[in-house]
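Following: one structure in structure tokens, then a few remarks.
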Amino acid sequence: MISLASFTGPAAEAEAASPYGAKAVEIAASKRGAPYVYGATGPREFDCSGLTLYAFRQAGRVLPRTADQQYEHTRHIGRVERIPGDLVFFPAGSAIGHVGIYAGHDKIWHAPRPGTRVRLERIWSGNVRYTRAT
């Protein structure tokens with residue numbers, strides 16, 4: 001089993017994660033290597049919002065289906081408030097183009113795009129928005 005501590009580093013950050021947020025990170029991590037398939041919501045294939053939907057559902061939280069809907073239906077927070085298990089959104093014009101699950105240390109679990117697989121990756125942009133599922 002992959003533990004949250006493997007991906008979040010300092011104990012203070014790991015302790016700050018909510019129980020469902022920590023569980024969502026673990027579920028996403030357990031899907032490492034699953035292929036990206038547009039519109040897929042698991043358990044073997046995912047698109048970006050399908051991975052977040054699946055991980056949070058398994059952790060006991062309900063999210064809407066698309067990244068735009070997930071952004072609109074979660075509590076918006078600042079970068080300094082983020083903890084493992086929060087959602088990280090990447091805007092694309094006036095819409096949300098991508099979503100992942102914050103794993104700590106500026107990294108997210110996500111299903112990047114067609115031809116890739118679920119992976120842990122450093123946040124590559126400063127133009128991101130953070131939210132927390134409640």
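Chain labels run A, B, ... following the order of the structure tokens; each chain numbers its residues from 1, and ligands are numbered from 1 in the order shown.
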
Quick one: everything within 10 Å of Ala133 (chain A), counting only C-alpha atoms, minus sequence neighbours fewer than 3 positions away in the same chain. Send it as a list in words. Tyr20, Gly21, Phe56, Arg61, Val62, Leu63, Gln70, Tyr71, His73, Thr74, Arg75, His76, Gly85, Asp86 and Leu87 of chain A

Contacts of Pro43 (chain A) at 9 Å (only C-alpha atoms; same-chain gap of 5+ positions) as number ranges by chain: A: 31, 34, 51, 54

Selection near Pro114 (chain A), 12 Å with only C-alpha atoms, sequence-local residues under 6 positions removed, as a tab-separated table (two decimals) with N, CA and C atoms, in the first residue's frame:
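Listed below is the output, part36.tsv:
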```tsv
chain	number	residue	atom	x	y	z
A	34	ALA	N	-2.28	3.98	-14.51
A	34	ALA	CA	-3.54	3.76	-15.24
A	34	ALA	C	-3.57	4.68	-16.45
A	35	PRO	N	-4.04	4.19	-17.60
A	35	PRO	CA	-4.02	5.02	-18.80
A	35	PRO	C	-5.07	6.14	-18.78
A	36	TYR	N	-4.71	7.25	-19.42
A	36	TYR	CA	-5.66	8.34	-19.65
A	36	TYR	C	-6.59	7.90	-20.78
A	37	VAL	N	-7.88	7.99	-20.54
A	37	VAL	CA	-8.89	7.78	-21.57
A	37	VAL	C	-9.93	8.87	-21.38
A	38	TYR	N	-10.16	9.66	-22.42
A	38	TYR	CA	-11.11	10.77	-22.33
A	38	TYR	C	-12.47	10.26	-21.87
A	39	GLY	N	-13.03	10.91	-20.85
A	39	GLY	CA	-14.35	10.56	-20.33
A	39	GLY	C	-14.37	9.42	-19.33
A	40	ALA	N	-13.22	8.79	-19.07
A	40	ALA	CA	-13.17	7.63	-18.19
A	40	ALA	C	-13.14	8.05	-16.72
A	45	GLU	N	-9.17	3.16	-15.98
A	45	GLU	CA	-8.81	4.24	-16.91
A	45	GLU	C	-9.45	5.53	-16.41
A	46	PHE	N	-8.78	6.66	-16.69
A	46	PHE	CA	-9.24	7.94	-16.17
A	46	PHE	C	-8.93	9.08	-17.12
A	47	ASP	N	-9.76	10.12	-17.07
A	47	ASP	CA	-9.33	11.42	-17.54
A	47	ASP	C	-9.07	12.24	-16.28
A	48	CYS	N	-8.69	13.51	-16.41
A	48	CYS	CA	-8.27	14.24	-15.21
A	48	CYS	C	-9.38	14.35	-14.16
```

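From CA of Ala67 (chain A) back to CA of Gly97 (chain A), the distance works out to 7.2 Å.
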
Test item: residues at most 10 Å from region 23-28 of chain A, only C-alpha atoms, excluding those fewer than 3 positions along its chain, as a PyMOL selection string: chain A and resi 1-8+17-20+31-32+34+51-61+84-86+100-104+108-111+118-120

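When CA of Arg65 (chain A) is paired with CA of Val99 (chain A), their separation reads 11.5 Å.
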
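A straight line drawn from CA of Asp106 (chain A) to CA of Gly126 (chain A) is 10.5 Å long.
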
Chain A: which residues are strand (DSSP E or B) by DSSP, as a count of residues only? 36

Chain A: residues DSSP assigns to alpha helix (DSSP H), reported as a PyMOL selection string: chain A and resi 5-8+11-16+19-30+48-58+67-72

Nearest to Lys107 (chain A): which of A:Val88, A:Ile123, A:Ile83, A:Ile77 is it, counting only C-alpha atoms? A:Ile123

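Close contacts of Gly78 (chain A), defined as residues with an atom at most 9 Å away when counting only C-alpha atoms, with chain neighbours fewer than 5 positions off set aside, comprise A:Arg129, A:Tyr130, A:Thr131.
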